[in-house]
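Dumped protein-v2.csv below, it's CSV, C-alpha atoms:
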chain,number,residue,atom,x,y,z
A,1,MET,CA,49.8,134.2,-20.6
A,2,LEU,CA,51.7,132.3,-23.3
A,3,LEU,CA,54.4,131.4,-20.9
A,4,LEU,CA,51.8,130.1,-18.4
A,5,LEU,CA,50.3,127.9,-21.1
A,6,GLN,CA,53.8,126.6,-22.0
A,7,TYR,CA,54.7,125.7,-18.5
A,8,THR,CA,51.3,124.2,-17.8
A,9,LEU,CA,51.6,121.8,-20.7
A,10,ILE,CA,55.1,120.7,-19.9
A,11,PHE,CA,54.4,120.1,-16.2
A,12,ALA,CA,51.1,118.4,-17.0
A,13,SER,CA,53.1,116.1,-19.4
A,14,VAL,CA,55.4,115.1,-16.6
A,15,LEU,CA,52.5,114.5,-14.2
A,16,LEU,CA,50.6,112.6,-16.8
A,17,LEU,CA,53.4,110.2,-17.7
A,18,VAL,CA,54.3,109.4,-14.1
A,19,ALA,CA,50.6,109.1,-13.0
A,20,LEU,CA,49.8,106.7,-15.8
A,21,GLY,CA,52.8,104.7,-14.7
A,22,GLY,CA,51.4,104.5,-11.2
A,23,CYS,CA,48.0,103.6,-12.7
A,24,PHE,CA,49.3,100.6,-14.5
A,25,SER,CA,51.1,99.4,-11.4
A,26,GLU,CA,48.1,99.8,-9.1
A,27,HIS,CA,45.7,98.2,-11.6
A,28,SER,CA,48.0,95.1,-11.4
A,29,GLY,CA,47.7,95.2,-7.6
A,30,VAL,CA,51.1,96.8,-6.6
A,31,ILE,CA,51.2,100.2,-5.0
A,32,ASN,CA,54.2,102.1,-6.4
A,33,LEU,CA,55.1,104.8,-3.9
A,34,GLY,CA,58.6,104.8,-5.4
A,35,LEU,CA,57.7,106.9,-8.4
A,36,GLU,CA,59.8,109.8,-7.0
A,37,GLY,CA,62.9,107.7,-7.0
A,38,ILE,CA,62.2,106.1,-10.4
A,39,MET,CA,61.9,109.6,-11.8
A,40,VAL,CA,65.3,110.5,-10.5
A,41,ILE,CA,66.9,107.4,-11.9
A,42,GLY,CA,65.2,107.8,-15.2
A,43,ALA,CA,66.4,111.4,-15.4
A,44,LEU,CA,69.9,110.2,-14.5
A,45,GLY,CA,69.9,107.7,-17.4
A,46,GLY,CA,68.7,110.3,-19.9
A,47,ALA,CA,71.0,113.0,-18.7
A,48,LEU,CA,74.1,110.6,-18.9
A,49,MET,CA,73.1,109.6,-22.4
A,50,MET,CA,72.9,113.3,-23.5
A,51,ARG,CA,76.2,114.0,-21.8
A,52,TRP,CA,78.1,111.1,-23.5
A,53,LEU,CA,76.6,111.5,-27.0
A,54,PRO,CA,79.3,113.0,-29.3
A,55,ALA,CA,78.9,116.5,-30.7
A,56,GLY,CA,77.1,116.6,-34.0
A,57,THR,CA,74.7,113.7,-33.3
A,58,SER,CA,71.5,114.2,-35.2
A,59,ALA,CA,68.5,115.5,-33.2
A,60,LEU,CA,66.4,112.4,-33.9
A,61,VAL,CA,69.2,110.1,-32.6
A,62,VAL,CA,69.6,112.3,-29.5
A,63,VAL,CA,65.8,112.1,-28.8
A,64,LEU,CA,65.5,108.4,-29.3
A,65,LEU,CA,68.6,107.4,-27.4
A,66,THR,CA,67.8,109.7,-24.5
A,67,LEU,CA,64.3,108.3,-24.2
A,68,LEU,CA,65.5,104.8,-24.4
A,69,ALA,CA,68.1,105.4,-21.7
A,70,ALA,CA,65.5,106.9,-19.4
A,71,ILE,CA,63.1,104.0,-20.0
A,72,VAL,CA,65.8,101.4,-19.4
A,73,PHE,CA,67.0,103.0,-16.2
A,74,GLY,CA,63.4,103.4,-14.9
A,75,VAL,CA,62.5,99.8,-15.8
A,76,VAL,CA,65.7,98.4,-14.1
A,77,TYR,CA,65.1,100.5,-11.0
A,78,SER,CA,61.4,99.6,-10.7
A,79,SER,CA,62.4,95.9,-10.9
A,80,LEU,CA,63.7,96.3,-7.3
A,81,LEU,CA,60.1,97.0,-6.3
A,82,ALA,CA,58.8,94.1,-8.3
A,83,VAL,CA,61.3,91.6,-6.8
A,84,ALA,CA,60.7,92.8,-3.2
A,85,CYS,CA,56.9,93.1,-3.3
A,86,ILE,CA,55.8,90.4,-5.8
A,87,ASN,CA,58.4,87.7,-5.3
A,88,PHE,CA,59.2,88.3,-1.6
A,89,LYS,CA,55.9,89.8,-0.6
A,90,ALA,CA,57.5,92.7,1.2
A,91,ASP,CA,55.5,95.7,2.5
A,92,GLN,CA,54.9,97.8,-0.6
A,93,THR,CA,54.8,101.1,1.3
A,94,ILE,CA,58.2,100.6,3.0
A,95,VAL,CA,59.8,99.4,-0.2
A,96,GLY,CA,58.5,102.4,-2.2
A,97,THR,CA,59.7,104.8,0.5
A,98,ALA,CA,63.2,103.1,0.4
A,99,LEU,CA,63.3,103.5,-3.4
A,100,ASN,CA,62.6,107.2,-3.1
A,101,LEU,CA,65.4,107.7,-0.6
A,102,LEU,CA,67.8,105.5,-2.5
A,103,GLY,CA,67.1,107.1,-5.8
A,104,THR,CA,68.2,110.6,-5.0
A,105,ALA,CA,71.1,109.6,-2.8
A,106,GLY,CA,72.3,107.0,-5.3
A,107,ALA,CA,72.1,109.4,-8.3
A,108,THR,CA,73.9,112.1,-6.3
A,109,VAL,CA,76.8,109.8,-5.4
A,110,LEU,CA,77.1,108.4,-8.9
A,111,VAL,CA,77.1,111.8,-10.6
A,112,LYS,CA,79.7,113.1,-8.2
A,113,ALA,CA,81.9,110.1,-8.8
A,114,ILE,CA,81.6,110.5,-12.6
A,115,ASN,CA,82.4,114.2,-12.4
A,116,THR,CA,85.4,113.6,-10.1
A,117,ALA,CA,86.8,110.9,-12.4
A,118,ALA,CA,86.6,113.4,-15.3
A,119,ASN,CA,87.9,116.3,-13.3
A,120,PRO,CA,89.5,115.8,-9.8
A,121,ASN,CA,88.5,119.3,-8.8
A,122,ASP,CA,84.8,118.8,-9.7
A,123,HIS,CA,82.8,117.3,-6.9
A,124,SER,CA,79.4,118.6,-8.0
A,125,ALA,CA,76.3,116.4,-8.6
A,126,THR,CA,75.5,118.3,-11.8
A,127,ILE,CA,75.1,117.1,-15.4
A,128,GLN,CA,75.0,119.6,-18.3
A,129,TYR,CA,73.2,118.9,-21.6
A,130,ILE,CA,73.0,122.4,-23.2
A,131,GLU,CA,73.3,121.4,-26.8
A,132,GLN,CA,71.5,118.1,-26.6
A,133,LYS,CA,68.4,119.7,-25.0
A,134,LYS,CA,67.8,121.7,-28.2
A,135,ALA,CA,66.8,118.4,-29.9
A,136,PHE,CA,63.6,118.3,-27.7
A,137,ILE,CA,62.5,121.9,-28.2
A,138,HIS,CA,61.2,123.9,-31.1
A,139,TYR,CA,60.1,127.5,-31.1
A,140,PHE,CA,56.9,128.9,-32.6
A,141,GLY,CA,57.4,132.6,-32.1
A,142,SER,CA,57.8,133.0,-28.4
A,143,PHE,CA,56.1,129.7,-27.6
A,144,GLU,CA,58.6,126.9,-26.6
A,145,PHE,CA,57.2,123.6,-27.9
A,146,ASN,CA,58.6,120.5,-26.2
A,147,TRP,CA,58.2,117.1,-27.9
A,148,PHE,CA,57.2,115.5,-24.5
A,149,MET,CA,53.9,117.3,-24.9
A,150,VAL,CA,53.2,115.1,-27.9
A,151,ILE,CA,54.7,112.0,-26.3
A,152,ALA,CA,52.4,112.4,-23.2
A,153,VAL,CA,49.2,112.7,-25.4
A,154,VAL,CA,50.2,109.6,-27.4
A,155,ILE,CA,50.9,107.6,-24.3
A,156,LEU,CA,47.6,108.7,-22.8
A,157,VAL,CA,45.7,107.3,-25.8
A,158,LEU,CA,47.8,104.1,-25.8
A,159,ALA,CA,47.1,103.7,-22.0
A,160,TRP,CA,43.4,103.9,-22.5
A,161,VAL,CA,43.4,101.5,-25.4
A,162,THR,CA,45.7,99.1,-23.6
A,163,LEU,CA,43.6,99.0,-20.4
A,164,TYR,CA,40.1,98.9,-21.9
A,165,LYS,CA,40.5,97.4,-25.4
A,166,THR,CA,43.1,94.7,-25.1
A,167,LYS,CA,43.3,91.3,-23.4
A,168,PHE,CA,46.4,92.3,-21.7
A,169,GLY,CA,44.8,95.4,-20.1
A,170,LEU,CA,41.7,93.5,-19.0
A,171,ARG,CA,43.8,90.7,-17.4
A,172,LEU,CA,46.0,93.3,-15.7
A,173,MET,CA,43.0,95.0,-14.1
A,174,ALA,CA,41.6,91.6,-13.1
A,175,CYS,CA,44.8,90.9,-11.2
A,176,GLY,CA,44.3,94.1,-9.3
A,177,GLU,CA,40.7,93.4,-8.5
A,178,HIS,CA,40.4,89.7,-7.9
A,179,PRO,CA,43.7,87.9,-8.4
A,180,GLN,CA,42.5,84.5,-7.2
A,181,ALA,CA,39.7,84.6,-9.7
A,182,ALA,CA,42.1,85.7,-12.5
A,183,ALA,CA,44.4,82.8,-11.6
A,184,SER,CA,41.5,80.3,-11.7
A,185,VAL,CA,41.1,81.0,-15.4
A,186,GLY,CA,44.8,80.6,-16.2
A,187,ILE,CA,46.1,84.2,-15.9
A,188,SER,CA,49.5,84.4,-14.3
A,189,VAL,CA,49.1,87.0,-11.6
A,190,PHE,CA,52.9,87.2,-11.0
A,191,LYS,CA,53.5,88.0,-14.7
A,192,MET,CA,50.8,90.6,-14.8
A,193,ARG,CA,52.0,92.3,-11.7
A,194,TRP,CA,55.6,92.3,-13.0
A,195,SER,CA,54.3,93.8,-16.2
A,196,GLY,CA,52.4,96.6,-14.4
A,197,VAL,CA,55.4,97.5,-12.2
A,198,LEU,CA,57.8,97.6,-15.2
A,199,ILE,CA,55.4,99.7,-17.2
A,200,SER,CA,55.3,102.1,-14.3
A,201,GLY,CA,59.1,102.2,-14.3
A,202,ALA,CA,59.3,103.0,-18.0
A,203,LEU,CA,56.7,105.8,-17.7
A,204,GLY,CA,58.3,107.1,-14.5
A,205,GLY,CA,61.7,107.2,-16.2
A,206,LEU,CA,60.2,109.2,-19.1
A,207,GLY,CA,58.6,111.6,-16.6
A,208,GLY,CA,61.9,112.1,-14.9
A,209,ILE,CA,63.8,113.1,-18.0
A,210,CYS,CA,60.9,115.2,-19.1
A,211,TYR,CA,61.0,117.1,-15.8
A,212,ILE,CA,64.7,118.0,-15.9
A,213,LEU,CA,64.5,119.1,-19.5
A,214,ALA,CA,61.6,121.4,-18.7
A,215,GLY,CA,63.9,123.7,-16.8
A,216,VAL,CA,67.5,124.8,-17.3
A,217,SER,CA,70.2,123.1,-19.4
A,218,GLN,CA,71.7,121.3,-16.5
A,219,TRP,CA,70.5,119.4,-13.4
A,220,GLN,CA,71.8,119.1,-9.9
A,221,PHE,CA,70.7,115.6,-8.8
A,222,GLU,CA,70.9,116.2,-5.1
A,223,TYR,CA,67.7,118.3,-5.6
A,224,GLY,CA,65.8,115.3,-6.8
A,225,VAL,CA,62.5,116.1,-8.6
A,226,ALA,CA,60.9,118.4,-6.1
A,227,GLY,CA,58.1,116.0,-5.0
A,228,PHE,CA,56.7,115.4,-8.5
A,229,GLY,CA,56.4,111.7,-7.9
A,230,PHE,CA,54.1,112.4,-5.0
A,231,LEU,CA,52.1,115.0,-7.0
A,232,ALA,CA,51.7,112.3,-9.7
A,233,LEU,CA,50.2,110.0,-7.1
A,234,ALA,CA,47.7,112.7,-6.2
A,235,VAL,CA,46.9,113.2,-9.9
A,236,MET,CA,46.3,109.4,-10.2
A,237,ILE,CA,44.0,109.3,-7.2
A,238,PHE,CA,42.1,112.4,-8.2
A,239,GLY,CA,41.8,110.9,-11.7
A,240,GLN,CA,40.3,107.7,-10.1
A,241,TRP,CA,42.8,105.4,-11.8
A,242,LYS,CA,41.3,106.2,-15.2
A,243,PRO,CA,43.5,107.5,-18.0
A,244,TRP,CA,41.3,110.3,-19.3
A,245,ARG,CA,40.5,111.6,-15.9
A,246,ILE,CA,44.2,111.4,-15.0
A,247,GLY,CA,44.8,113.6,-18.1
A,248,MET,CA,42.4,116.3,-16.8
A,249,ALA,CA,43.8,116.1,-13.3
A,250,ALA,CA,47.3,116.5,-14.7
A,251,LEU,CA,46.3,119.7,-16.5
A,252,LEU,CA,44.8,121.1,-13.3
A,253,PHE,CA,47.9,120.3,-11.2
A,254,GLY,CA,50.2,121.4,-14.0
A,255,PHE,CA,48.5,124.8,-14.0
A,256,PHE,CA,49.1,125.4,-10.4
A,257,ARG,CA,52.7,124.3,-10.7
A,258,ALA,CA,53.2,126.5,-13.7
A,259,LEU,CA,51.6,129.5,-11.8
A,260,SER,CA,54.4,129.3,-9.2
A,261,ASN,CA,56.9,129.8,-12.0
A,262,VAL,CA,55.3,132.8,-13.8
A,263,TYR,CA,53.2,134.6,-11.2
A,264,SER,CA,55.5,137.6,-11.2
A,265,GLY,CA,54.5,138.3,-14.8
A,266,PHE,CA,50.9,139.0,-13.8
A,267,ASP,CA,50.3,142.4,-12.3
A,268,PHE,CA,47.1,141.5,-10.6
A,269,LEU,CA,48.9,138.7,-8.7
A,270,THR,CA,51.9,140.7,-7.7
A,271,ALA,CA,49.6,143.5,-6.5
A,272,LEU,CA,48.3,141.0,-3.9
A,273,ASN,CA,51.7,141.1,-2.2
A,274,ILE,CA,51.6,137.4,-1.6
A,275,PRO,CA,55.2,136.0,-0.9
A,276,GLY,CA,56.6,133.9,-3.8
A,277,THR,CA,57.0,130.9,-1.4
A,278,VAL,CA,53.2,130.7,-1.2
A,279,TYR,CA,52.9,130.2,-4.9
A,280,ASN,CA,55.7,127.6,-4.8
A,281,MET,CA,53.6,125.8,-2.1
A,282,LEU,CA,50.4,126.1,-4.1
A,283,PRO,CA,50.4,122.8,-6.0
A,284,TYR,CA,51.1,120.8,-2.9
A,285,ILE,CA,48.5,122.7,-0.9
A,286,VAL,CA,46.0,122.0,-3.7
A,287,SER,CA,46.9,118.3,-3.7
A,288,LEU,CA,46.1,118.1,0.0
A,289,ILE,CA,42.8,119.9,-0.4
A,290,VAL,CA,41.8,117.8,-3.4
A,291,LEU,CA,42.6,114.5,-1.7
A,292,ALA,CA,40.9,115.5,1.5
A,293,LEU,CA,37.7,116.3,-0.4
A,294,THR,CA,37.7,113.3,-2.8
A,295,SER,CA,39.3,110.5,-0.7
A,296,LYS,CA,35.9,109.2,0.5
A,297,LYS,CA,34.7,108.7,-3.0
A,298,SER,CA,38.0,107.2,-4.3
A,299,ARG,CA,37.7,103.6,-5.5
A,300,ALA,CA,41.1,102.0,-5.8
A,301,PRO,CA,41.6,98.5,-7.2
A,302,LYS,CA,40.4,96.2,-4.5
A,303,ALA,CA,43.6,94.0,-4.3
A,304,GLU,CA,46.2,96.8,-4.5
A,305,GLY,CA,48.8,96.5,-1.8
A,306,ILE,CA,47.8,92.9,-0.9
A,307,PRO,CA,50.5,90.3,-1.7
A,308,TYR,CA,49.2,87.5,-3.9
A,309,ASP,CA,48.8,84.2,-2.2
A,310,LYS,CA,47.7,81.2,-4.3
A,311,GLY,CA,46.1,79.6,-1.3
A,312,MET,CA,43.8,82.5,-0.5
A,313,ARG,CA,40.2,82.4,-1.7
As structure tokens:
Amino acid sequence: MLLLLQYTLIFASVLLLVALGGCFSEHSGVINLGLEGIMVIGALGGALMMRWLPAGTSALVVVLLTLLAAIVFGVVYSSLLAVACINFKADQTIVGTALNLLGTAGATVLVKAINTAANPNDHSATIQYIEQKKAFIHYFGSFEFNWFMVIAVVILVLAWVTLYKTKFGLRLMACGEHPQAAASVGISVFKMRWSGVLISGALGGLGGICYILAGVSQWQFEYGVAGFGFLALAVMIFGQWKPWRIGMAALLFGFFRALSNVYSGFDFLTALNIPGTVYNMLPYIVSLIVLALTSKKSRAPKAEGIPYDKGMR
């Protein structure tokens, strides 16, 4: 049971971070379907930082530099979405899909090139970070505490405060609801939308490094992030683009994802003789069911996905 709680919290942390990123982007008026690719690139940045940090680096420095690298890589990669969709008014769905495809492929090629340069016989797309991972984890008995659990909660609170208690947040949401009205009172819609997308890149990058640190002490980048970017979108929609609801939805989806990892430890589940692949499919099946049942009541920002045109009224 303790292991189920541990995995639920860490997977919920991943989903919460990435879903909040998507929330900021969509509140600004830009649909970010490229969260999957942003997660991969953010994970790449953090993993490379951990790989290249010298032995003996203090745990605090490892944590801070790894988080910074993941954020920077996520922000830079998300800027591709911002340029294409905000400045050039490209189709946001197509650009997001392209970012997802490019993210995993690009990370795989880059890691293979780095490994081959270091060792001509190594053509893998794997990065190891065995010692550095220990900086993020503490043990309380048999419970493995990951610092990302705290980071996710802090960012959840900051997201709520930012969106509902600051001028920046209110202006951001105005640009996702009525951009022409926002522009008429002097708000720069382009700046607000750029801000929303870059914030989603930062949080997506954090979610990516959190995801790969939740498992083993190395990551094979050709595997990507197993659809967690799309699960995060489902969490965001189920949470109705509101931070606290997104937090509750992340716990629900995190539970089902964790169950696929630890179901063999529960006798009553193994007694059902259900194949393990069914449990692995469970979070994705649940996301389809939840979205099918709640889609009619969903209220997305009115102007999301619509390129801003100054001449429209």
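You can rank A:Gln6, A:Gly208, A:Leu198, A:Lys167 by their closest distance to Asn261 (chain A) using only C-alpha atoms, and at the top of that list sits A:Gln6.
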Using only C-alpha atoms, find the one residue out of A:Pro283, A:Leu5, A:Val75, A:Asn121 that sits nearest to Gly227 (chain A). A:Pro283
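Candidate residues A:Ile31, A:Val63, A:Ile38, A:Met149 were compared for distance to Val225 (chain A), and the nearest is A:Ile38, using only C-alpha atoms.
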Using all atoms listed in the file, which protein or nucleic acid residues come within 6 Å of region 173-181 of chain A? Drop anything in the same chain fewer than 3 positions from it, and give the result as a PyMOL selection string. chain A and resi 27-29+170+184+189+301-304
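If you measure from each of A:Val40, A:Leu233, A:Ile71, A:Leu16 to Leu99 (chain A) using only C-alpha atoms, the closest one turns out to be A:Val40.
Nearest residue to Ile237 (chain A), choosing from A:Leu20, A:Met1, A:Met39, A:Ile212 and counting only C-alpha atoms: A:Leu20.
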Interatomic distance (Å, one decimal) between CA of Ser58 (chain A) and CA of Ile114 (chain A): 25.0 Å
Kindly complete region 62-80 of chain A to N, CA, C and O atoms; the output should be written as a PDB file, keeping the file's coordinate frame.
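See result.pdb below for the written result:
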ATOM      1  N   VAL A  62      69.505 111.795 -30.874  1.00  0.00           N
ATOM      2  CA  VAL A  62      69.600 112.300 -29.500  1.00  0.00           C
ATOM      3  C   VAL A  62      68.270 112.006 -28.757  1.00  0.00           C
ATOM      4  O   VAL A  62      68.269 111.495 -27.632  1.00  0.00           O
ATOM      5  N   VAL A  63      67.148 112.320 -29.399  1.00  0.00           N
ATOM      6  CA  VAL A  63      65.800 112.100 -28.800  1.00  0.00           C
ATOM      7  C   VAL A  63      65.592 110.640 -28.489  1.00  0.00           C
ATOM      8  O   VAL A  63      65.225 110.251 -27.363  1.00  0.00           O
ATOM      9  N   LEU A  64      65.807 109.798 -29.494  1.00  0.00           N
ATOM     10  CA  LEU A  64      65.500 108.400 -29.300  1.00  0.00           C
ATOM     11  C   LEU A  64      66.395 107.710 -28.295  1.00  0.00           C
ATOM     12  O   LEU A  64      65.904 106.951 -27.445  1.00  0.00           O
ATOM     13  N   LEU A  65      67.696 107.993 -28.324  1.00  0.00           N
ATOM     14  CA  LEU A  65      68.600 107.400 -27.400  1.00  0.00           C
ATOM     15  C   LEU A  65      68.381 107.870 -25.951  1.00  0.00           C
ATOM     16  O   LEU A  65      68.498 107.108 -24.988  1.00  0.00           O
ATOM     17  N   THR A  66      68.063 109.143 -25.826  1.00  0.00           N
ATOM     18  CA  THR A  66      67.800 109.700 -24.500  1.00  0.00           C
ATOM     19  C   THR A  66      66.532 109.086 -23.900  1.00  0.00           C
ATOM     20  O   THR A  66      66.507 108.701 -22.720  1.00  0.00           O
ATOM     21  N   LEU A  67      65.485 108.980 -24.709  1.00  0.00           N
ATOM     22  CA  LEU A  67      64.300 108.300 -24.200  1.00  0.00           C
ATOM     23  C   LEU A  67      64.489 106.890 -23.872  1.00  0.00           C
ATOM     24  O   LEU A  67      64.007 106.407 -22.840  1.00  0.00           O
ATOM     25  N   LEU A  68      65.257 106.194 -24.702  1.00  0.00           N
ATOM     26  CA  LEU A  68      65.500 104.800 -24.400  1.00  0.00           C
ATOM     27  C   LEU A  68      66.316 104.610 -23.142  1.00  0.00           C
ATOM     28  O   LEU A  68      66.002 103.724 -22.335  1.00  0.00           O
ATOM     29  N   ALA A  69      67.309 105.471 -22.921  1.00  0.00           N
ATOM     30  CA  ALA A  69      68.100 105.400 -21.700  1.00  0.00           C
ATOM     31  C   ALA A  69      67.241 105.640 -20.458  1.00  0.00           C
ATOM     32  O   ALA A  69      67.353 104.932 -19.446  1.00  0.00           O
ATOM     33  N   ALA A  70      66.368 106.646 -20.530  1.00  0.00           N
ATOM     34  CA  ALA A  70      65.500 106.900 -19.400  1.00  0.00           C
ATOM     35  C   ALA A  70      64.554 105.786 -19.109  1.00  0.00           C
ATOM     36  O   ALA A  70      64.317 105.427 -17.943  1.00  0.00           O
ATOM     37  N   ILE A  71      64.022 105.176 -20.167  1.00  0.00           N
ATOM     38  CA  ILE A  71      63.100 104.000 -20.000  1.00  0.00           C
ATOM     39  C   ILE A  71      63.847 102.848 -19.378  1.00  0.00           C
ATOM     40  O   ILE A  71      63.357 102.216 -18.424  1.00  0.00           O
ATOM     41  N   VAL A  72      65.035 102.538 -19.898  1.00  0.00           N
ATOM     42  CA  VAL A  72      65.800 101.400 -19.400  1.00  0.00           C
ATOM     43  C   VAL A  72      66.160 101.576 -17.925  1.00  0.00           C
ATOM     44  O   VAL A  72      65.991 100.661 -17.098  1.00  0.00           O
ATOM     45  N   PHE A  73      66.646 102.755 -17.570  1.00  0.00           N
ATOM     46  CA  PHE A  73      67.000 103.000 -16.200  1.00  0.00           C
ATOM     47  C   PHE A  73      65.782 102.926 -15.274  1.00  0.00           C
ATOM     48  O   PHE A  73      65.849 102.373 -14.170  1.00  0.00           O
ATOM     49  N   GLY A  74      64.642 103.462 -15.737  1.00  0.00           N
ATOM     50  CA  GLY A  74      63.400 103.400 -14.900  1.00  0.00           C
ATOM     51  C   GLY A  74      62.924 101.981 -14.762  1.00  0.00           C
ATOM     52  O   GLY A  74      62.511 101.593 -13.662  1.00  0.00           O
ATOM     53  N   VAL A  75      62.984 101.193 -15.822  1.00  0.00           N
ATOM     54  CA  VAL A  75      62.500  99.800 -15.800  1.00  0.00           C
ATOM     55  C   VAL A  75      63.423  98.987 -14.821  1.00  0.00           C
ATOM     56  O   VAL A  75      62.923  98.208 -13.977  1.00  0.00           O
ATOM     57  N   VAL A  76      64.733  99.136 -14.958  1.00  0.00           N
ATOM     58  CA  VAL A  76      65.700  98.400 -14.100  1.00  0.00           C
ATOM     59  C   VAL A  76      65.457  98.744 -12.641  1.00  0.00           C
ATOM     60  O   VAL A  76      65.422  97.860 -11.763  1.00  0.00           O
ATOM     61  N   TYR A  77      65.291 100.036 -12.368  1.00  0.00           N
ATOM     62  CA  TYR A  77      65.100 100.500 -11.000  1.00  0.00           C
ATOM     63  C   TYR A  77      63.785  99.971 -10.414  1.00  0.00           C
ATOM     64  O   TYR A  77      63.705  99.551  -9.250  1.00  0.00           O
ATOM     65  N   SER A  78      62.736 100.011 -11.224  1.00  0.00           N
ATOM     66  CA  SER A  78      61.400  99.600 -10.700  1.00  0.00           C
ATOM     67  C   SER A  78      61.413  98.047 -10.499  1.00  0.00           C
ATOM     68  O   SER A  78      60.571  97.552  -9.735  1.00  0.00           O
ATOM     69  N   SER A  79      62.323  97.318 -11.132  1.00  0.00           N
ATOM     70  CA  SER A  79      62.400  95.900 -10.900  1.00  0.00           C
ATOM     71  C   SER A  79      62.738  95.534  -9.466  1.00  0.00           C
ATOM     72  O   SER A  79      62.395  94.452  -8.969  1.00  0.00           O
ATOM     73  N   LEU A  80      63.403  96.471  -8.777  1.00  0.00           N
ATOM     74  CA  LEU A  80      63.700  96.300  -7.300  1.00  0.00           C
ATOM     75  C   LEU A  80      62.385  96.191  -6.556  1.00  0.00           C
ATOM     76  O   LEU A  80      62.236  95.375  -5.647  1.00  0.00           O
TER      77      LEU A  80
END
